[in-house]
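Here's the structure we're looking at; comments come further down.
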Amino acid sequence: MQPDLHSRTTTAHTLHHFRTRSPLVHCMTNDVVQSFTANVLLALGASPAMVIDVQEAAQFAAIADALLINVGTLTDERAQAMRAAVISANAAQKPWTLDPVAVGALTLRSRFCHDLLPLRPATIRGNASEILALAGISGGGRGVDTTDTALAALPGAQRLASDTSAIVVVTGEVDYVTNGTRTVAVTGGDTLMTRVVGTGCALSAVVAACCSLPGDRLDNVASACAFIKLAGCKAAQHSAGPGSFIPAFVDALWALEGEVQA
Amino acid sequence: MQPDLHSRTTTAHTLHHFRTRSPLVHCMTNDVVQSFTANVLLALGASPAMVIDVQEAAQFAAIADALLINVGTLTDERAQAMRAAVISANAAQKPWTLDPVAVGALTLRSRFCHDLLPLRPATIRGNASEILALAGISGGGRGVDTTDTALAALPGAQRLASDTSAIVVVTGEVDYVTNGTRTVAVTGGDTLMTRVVGTGCALSAVVAACCSLPGDRLDNVASACAFIKLAGCKAAQHSAGPGSFIPAFVDALWALEGEVQA
Amino acid sequence: MQPDLHSRTTTAHTLHHFRTRSPLVHCMTNDVVQSFTANVLLALGASPAMVIDVQEAAQFAAIADALLINVGTLTDERAQAMRAAVISANAAQKPWTLDPVAVGALTLRSRFCHDLLPLRPATIRGNASEILALAGISGGGRGVDTTDTALAALPGAQRLASDTSAIVVVTGEVDYVTNGTRTVAVTGGDTLMTRVVGTGCALSAVVAACCSLPGDRLDNVASACAFIKLAGCKAAQHSAGPGSFIPAFVDALWALEGEVQA
């Protein structure tokens, strides 16, 4: 089963919906990427909000258009608040997205992520090692970095999608987006993105936002990957290293309209 | 009662005091804007410090020149530490500033902010929805964004100022600074500032710092608004989007002397 | 005892090891500098990971190549997790580095840092006030800023090194690196670095990474100081203020090879 290549037309379509709807995204994410994640969502036209208290998180997940759960700096207390938010999002029929950072290697987050799977995530976004660990195939990578390629993890991603009914995104040099039966490939980007903290985490936030848009969810999620790949490619051309890449990347997301048409 | 327009002369005067005194600002702020807030204060010549443990926060609030309380990512534990810091600041006669992020919509922060009002904040800084919610007039905005204009919230701001004896700042396209009887308007800025996370939160930190300066407090607080508006306007002219806006904005704060004279 | 000047040859040697080994650095650092610290490590070629739960921190400290403990925003809960990580790092014979931010002035962190000293840190990195406070000579600075010069703190640093068997780094206009008997001086840098939050904290993370490299530890740690001084000097030449300094600094770390040869 050869993956389809995600089209520019679909990307443009999703971008139009994104900018028009300005989704309110409840981000429960790790301590390292909060500011970058918010700025990425703002540049694309979304409205980010980070609410973390257990009671407030449950309240806010029902108000927001989408919820992101990223376990990068999980604690027991944060896990409790995340679970309350997920249950509330489900009750309000709002989609939630899981970013299982470094799952596999560490006990608390591994147990927590596995416990969340029956709560019907709309999308799961991880690197190859994370997706393989979550699919029960391998033990996870070296810290937050992957030790596998996205293509090698594709069968695991497809199985995980079938088992959970979630869209699964496995990211790498090429991103693969699958629902278990249909798979779309998204190319582009630049290796400089791996030298900047939070590009994967920010993608997950954009994926979460895209899950709230009308139309086919798999296509919308693949468009989220395309936004990041397109902006990353353009930013790499206009930067002297990972430091100047960051403002260039956010500017490129802001100016994405033209890039998508090109 | 027509608001006065804040003058460049007063702004220059406050800036001179700011750079000369280099206020030590104890920032108890949300997880998203910590780094940006610190860099904004440093660029202006202040000395920021983030101290959050309940015991240490009480100790440090008495040492610092000013205290900022921002409830963006409030938790029960953080609320306890903030309250201890406020009580300690009051005992040491140090001014404290409240930024009631997203008050109204969410229970924990709404109760906490209302409980803090009798503890005599020097200044309260919020957007229109937040000020209206705190004044007991409406139920708060959509997440952290405002659904009202600053001018529409001015009567609420004036009432809140009268009720609490605090300076109240309601920010928007025009910022209004009021003590209930006198109101000053601060113009400038750029809409790009709404596409960067933390510009409002950073303003609150600068407001907190300005509350420690000699001279008329209302004028000093209006100058804080002017610093941010002037730097925001200049940065918008020198940036290609919200990504390059951030370094340009911090640079503009650093170089503010010339802008203020202009 | 006149300090030796650290050589470019040694710096180049350490940089080569750094880029080849790509150390996995477990950063338990303060809330303000997480993103900047991660980006500094990534630009140099290291692999940062922030893991904070008490159980996961103990697990991860044994997997990582090096551990950083920075007490800038310490809480009781964070202190417990840090102690577990230190014990685990020691058991796995992995080096750990202490950044005693604002030690002396505040009770929780002062007690915590003193309690950690018998647990054999590989390196301690602080400004003059912090090193003097930790050596039991003075009461600490004004918040996170130093009120002493690095040279004045050198005898205290040497005594602290002898007492703890750690390498001690006292940073300022000139950085001094000492094991109590041999002392190396590292010059360079720019005063603009004091107007950007986290340059000292990021240095501590690079110091932690360098402790995991082969060769003489004192030389490796002095090279960490040289990386930051060289990049800071170059970035200051290419920036208009502290805002544009940040991307220029990270780019300079990324391109460090050439600078070191020069």
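If you're wondering about the labels, chains in the structure tokens are A, B, ... by order shown, residues count from 1 in each chain, ligands from 1 in order shown.
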Write out chain B, as a compact mmCIF listing (two decimals) with C-alpha atoms, in the first residue's frame, after superposing it onto chain C by least squares using every C-alpha atom paired in order.
```txt
# COMPACT_ATOMS: atom_id res chain seq x y z
CA MET B 1 49.16 31.64 42.04
CA GLN B 2 48.50 33.32 38.65
CA PRO B 3 45.72 31.64 36.60
CA ASP B 4 46.71 30.22 33.19
CA LEU B 5 44.92 31.57 30.14
CA HIS B 6 42.75 28.90 28.47
CA SER B 7 44.06 28.08 24.99
CA ARG B 8 42.27 27.99 21.64
CA THR B 9 43.83 24.58 20.95
CA THR B 10 42.17 23.06 24.00
CA THR B 11 38.87 24.74 23.10
CA ALA B 12 39.03 23.26 19.59
CA HIS B 13 39.85 19.85 21.02
CA THR B 14 36.85 19.90 23.40
CA LEU B 15 34.56 21.17 20.64
CA HIS B 16 35.57 18.28 18.43
CA HIS B 17 34.72 15.80 21.21
CA PHE B 18 31.45 17.63 21.89
CA ARG B 19 30.26 17.47 18.28
CA THR B 20 31.39 13.86 17.84
CA ARG B 21 29.81 12.50 21.03
CA SER B 22 26.62 14.58 21.06
CA PRO B 23 26.09 14.16 24.82
CA LEU B 24 22.58 13.48 26.07
CA VAL B 25 22.09 16.09 28.81
CA HIS B 26 19.41 15.74 31.47
CA CYS B 27 18.52 19.34 32.36
CA MET B 28 16.65 19.98 35.60
CA THR B 29 16.65 23.73 35.32
CA ASN B 30 14.51 26.73 36.13
CA ASP B 31 11.23 27.64 34.41
CA VAL B 32 12.63 30.79 32.78
CA VAL B 33 15.46 29.39 30.66
CA GLN B 34 14.26 25.96 29.51
CA SER B 35 13.82 26.77 25.86
CA PHE B 36 17.00 28.86 25.57
CA THR B 37 19.03 26.16 27.33
CA ALA B 38 17.72 23.47 25.00
CA ASN B 39 18.47 25.58 21.92
CA VAL B 40 22.01 26.36 23.11
CA LEU B 41 22.72 22.65 23.62
CA LEU B 42 21.17 21.73 20.26
CA ALA B 43 23.19 24.40 18.43
CA LEU B 44 26.39 22.92 19.85
CA GLY B 45 25.36 19.42 18.82
CA ALA B 46 24.23 18.02 22.19
CA SER B 47 20.90 16.36 22.86
CA PRO B 48 18.97 18.03 25.71
CA ALA B 49 16.08 16.47 27.62
CA MET B 50 14.08 17.97 30.47
CA VAL B 51 12.60 15.27 32.72
CA ILE B 52 11.23 16.44 36.08
CA ASP B 53 8.98 13.86 37.74
CA VAL B 54 10.76 12.32 40.76
CA GLN B 55 10.57 8.76 39.46
CA GLU B 56 11.31 9.58 35.83
CA ALA B 57 14.15 11.94 36.81
CA ALA B 58 15.86 9.09 38.67
CA GLN B 59 15.37 6.76 35.69
CA PHE B 60 16.60 9.28 33.16
CA ALA B 61 19.67 10.47 35.10
CA ALA B 62 21.07 6.95 34.75
CA ILE B 63 20.45 6.91 30.98
CA ALA B 64 21.75 10.41 30.18
CA ASP B 65 25.44 11.27 29.79
CA ALA B 66 25.28 14.21 32.19
CA LEU B 67 22.91 15.92 34.62
CA LEU B 68 22.34 19.62 35.30
CA ILE B 69 20.79 20.85 38.56
CA ASN B 70 19.77 24.54 38.45
CA VAL B 71 17.81 25.84 41.45
CA GLY B 72 16.47 29.08 39.91
CA THR B 73 12.81 28.25 40.45
CA LEU B 74 13.14 25.61 43.14
CA THR B 75 10.12 24.16 44.92
CA ASP B 76 9.96 21.38 47.52
CA GLU B 77 8.69 18.97 44.88
CA ARG B 78 11.40 19.92 42.39
CA ALA B 79 14.07 19.60 45.09
CA GLN B 80 12.95 16.05 45.84
CA ALA B 81 13.14 15.09 42.16
CA MET B 82 16.55 16.75 41.79
CA ARG B 83 17.95 14.86 44.77
CA ALA B 84 16.66 11.56 43.36
CA ALA B 85 18.28 12.36 40.01
CA VAL B 86 21.63 13.22 41.65
CA ILE B 87 21.67 9.98 43.62
CA SER B 88 20.83 8.02 40.48
CA ALA B 89 23.51 9.82 38.43
CA ASN B 90 26.09 9.03 41.10
CA ALA B 91 25.08 5.37 41.15
CA ALA B 92 25.46 5.22 37.36
CA GLN B 93 28.75 7.16 37.53
CA LYS B 94 27.39 10.01 35.44
CA PRO B 95 28.71 13.52 36.25
CA TRP B 96 26.32 16.16 37.57
CA THR B 97 26.71 19.94 37.64
CA LEU B 98 25.24 22.40 40.15
CA ASP B 99 24.09 25.92 39.25
CA PRO B 100 23.25 27.48 42.65
CA VAL B 101 21.16 30.43 41.33
CA ALA B 102 20.69 33.15 43.98
CA VAL B 103 21.97 30.89 46.74
CA GLY B 104 22.53 32.69 50.03
CA ALA B 105 19.62 35.10 50.00
CA LEU B 106 16.82 32.53 50.05
CA THR B 107 16.33 29.73 52.57
CA LEU B 108 15.02 26.72 50.62
CA ARG B 109 17.66 26.82 47.88
CA SER B 110 20.48 27.63 50.32
CA ARG B 111 19.72 24.61 52.47
CA PHE B 112 19.19 22.43 49.39
CA CYS B 113 22.48 23.45 47.75
CA HIS B 114 24.46 22.93 50.92
CA ASP B 115 22.84 19.51 51.36
CA LEU B 116 23.84 18.57 47.81
CA LEU B 117 27.54 19.42 48.23
CA PRO B 118 28.46 16.09 49.90
CA LEU B 119 26.91 14.29 46.89
CA ARG B 120 30.04 15.07 44.82
CA PRO B 121 29.08 17.46 42.04
CA ALA B 122 31.52 17.24 39.12
CA THR B 123 31.29 21.01 38.65
CA ILE B 124 29.71 23.99 40.38
CA ARG B 125 29.06 27.09 38.21
CA GLY B 126 27.94 30.41 39.68
CA ASN B 127 28.55 34.13 39.71
CA ALA B 128 30.79 35.67 42.37
CA SER B 129 28.04 36.22 44.95
CA GLU B 130 26.73 32.68 44.54
CA ILE B 131 30.18 31.07 44.85
CA LEU B 132 31.03 33.18 47.90
CA ALA B 133 27.70 32.28 49.53
CA LEU B 134 28.21 28.58 48.79
CA ALA B 135 31.77 28.74 50.16
CA GLY B 136 30.29 30.15 53.37
CA ILE B 137 32.07 33.49 52.95
CA SER B 138 29.18 35.93 52.31
CA GLY B 139 25.42 36.08 52.31
CA GLY B 140 24.66 36.11 48.57
CA GLY B 141 23.83 38.83 46.05
CA ARG B 142 20.83 40.93 45.15
CA GLY B 143 18.43 38.40 43.67
CA VAL B 144 20.05 36.63 40.74
CA ASP B 145 22.62 39.36 40.10
CA THR B 146 26.06 39.40 41.56
CA THR B 147 27.38 42.20 43.73
CA ASP B 148 30.98 40.92 43.67
CA THR B 149 33.58 40.46 40.91
CA ALA B 150 34.76 37.05 39.75
CA LEU B 151 38.38 37.79 40.71
CA ALA B 152 37.40 38.76 44.26
CA ALA B 153 35.56 35.44 44.55
CA LEU B 154 38.48 33.35 43.26
CA PRO B 155 39.92 32.46 46.71
CA GLY B 156 36.41 31.38 47.76
CA ALA B 157 36.07 29.34 44.56
CA GLN B 158 39.41 27.65 45.21
CA ARG B 159 38.43 26.81 48.78
CA LEU B 160 35.04 25.46 47.64
CA ALA B 161 36.80 23.30 45.03
CA SER B 162 39.18 21.90 47.64
CA ASP B 163 36.37 21.23 50.11
CA THR B 164 34.10 19.48 47.59
CA SER B 165 36.57 17.99 45.06
CA ALA B 166 34.45 19.68 42.38
CA ILE B 167 35.65 21.89 39.56
CA VAL B 168 34.37 25.36 40.47
CA VAL B 169 33.57 27.99 37.83
CA VAL B 170 33.06 31.58 38.88
CA THR B 171 31.84 33.67 35.96
CA GLY B 172 32.00 37.36 35.25
CA GLU B 173 33.88 39.65 32.86
CA VAL B 174 36.58 36.96 33.10
CA ASP B 175 35.59 33.38 33.98
CA TYR B 176 37.78 31.43 36.38
CA VAL B 177 37.81 27.63 36.43
CA THR B 178 39.57 25.96 39.33
CA ASN B 179 40.07 22.61 41.01
CA GLY B 180 41.57 24.30 44.05
CA THR B 181 45.18 23.94 42.94
CA ARG B 182 45.10 24.74 39.21
CA THR B 183 43.14 27.74 37.92
CA VAL B 184 42.39 28.70 34.33
CA ALA B 185 41.07 32.09 33.17
CA VAL B 186 38.75 32.46 30.18
CA THR B 187 38.40 35.92 28.63
CA GLY B 188 36.06 37.24 25.93
CA GLY B 189 32.32 37.73 25.88
CA ASP B 190 30.39 40.99 25.94
CA THR B 191 28.40 42.97 28.52
CA LEU B 192 25.29 42.53 26.33
CA MET B 193 25.20 38.94 27.66
CA THR B 194 24.16 40.28 31.08
CA ARG B 195 21.08 41.85 29.45
CA VAL B 196 19.76 38.51 28.14
CA VAL B 197 18.17 36.05 30.53
CA GLY B 198 19.76 32.62 30.77
CA THR B 199 23.27 33.05 29.38
CA GLY B 200 24.72 31.89 32.71
CA CYS B 201 22.18 29.09 33.05
CA ALA B 202 22.88 27.94 29.48
CA LEU B 203 26.62 27.97 30.21
CA SER B 204 25.96 25.65 33.15
CA ALA B 205 24.18 23.24 30.80
CA VAL B 206 27.15 23.31 28.42
CA VAL B 207 29.48 22.78 31.40
CA ALA B 208 27.36 19.76 32.40
CA ALA B 209 27.67 18.35 28.88
CA CYS B 210 31.44 18.93 28.84
CA CYS B 211 31.83 16.98 32.09
CA SER B 212 30.86 13.84 30.15
CA LEU B 213 33.62 14.24 27.54
CA PRO B 214 36.93 12.35 27.58
CA GLY B 215 40.11 14.16 28.60
CA ASP B 216 40.94 16.53 31.44
CA ARG B 217 37.73 17.77 33.09
CA LEU B 218 39.08 21.17 34.12
CA ASP B 219 40.14 21.85 30.53
CA ASN B 220 36.79 20.64 29.17
CA VAL B 221 34.87 22.88 31.56
CA ALA B 222 37.06 25.87 30.65
CA SER B 223 36.28 25.12 27.00
CA ALA B 224 32.56 25.31 27.81
CA CYS B 225 33.20 28.84 29.11
CA ALA B 226 35.18 29.61 25.96
CA PHE B 227 32.35 28.42 23.68
CA ILE B 228 29.98 30.86 25.35
CA LYS B 229 32.47 33.75 25.47
CA LEU B 230 33.41 33.31 21.78
CA ALA B 231 29.81 33.07 20.63
CA GLY B 232 28.78 35.99 22.87
CA CYS B 233 31.52 38.21 21.46
CA LYS B 234 30.62 37.38 17.86
CA ALA B 235 26.87 37.76 18.48
CA ALA B 236 27.35 41.17 20.10
CA GLN B 237 29.11 42.36 16.95
CA HIS B 238 26.18 41.22 14.81
CA SER B 239 23.25 42.49 16.88
CA ALA B 240 21.49 45.79 17.51
CA GLY B 241 20.54 44.98 21.11
CA PRO B 242 19.68 42.09 23.43
CA GLY B 243 16.75 41.01 21.22
CA SER B 244 18.74 40.33 18.06
CA PHE B 245 21.61 39.06 20.23
CA ILE B 246 19.69 35.86 21.04
CA PRO B 247 19.36 34.40 17.52
CA ALA B 248 22.87 35.67 16.66
CA PHE B 249 24.28 33.93 19.74
CA VAL B 250 22.66 30.58 18.91
CA ASP B 251 23.83 30.90 15.30
CA ALA B 252 27.36 31.65 16.54
CA LEU B 253 27.36 28.50 18.68
CA TRP B 254 26.22 26.53 15.64
CA ALA B 255 29.07 27.99 13.55
CA LEU B 256 31.64 27.80 16.34
CA GLU B 257 34.20 25.69 14.45
CA GLY B 258 35.58 28.63 12.51
CA GLU B 259 35.61 30.99 15.49
CA VAL B 260 37.67 28.57 17.52
CA GLN B 261 40.28 28.16 14.79
CA ALA B 262 40.62 31.93 14.33
```
DSSP strand (DSSP E or B) residues within range 18-209 of chain B, as a PyMOL selection string: chain B and resi 24-28+47-49+66-70+96-99+103+106+123-127+142+145+167-171+175-178+183-186
Every residue of range 87-137 of chain C that DSSP places in alpha helix (DSSP H), as a ChimeraX atom specification: /C:87-91,107-116,128-134
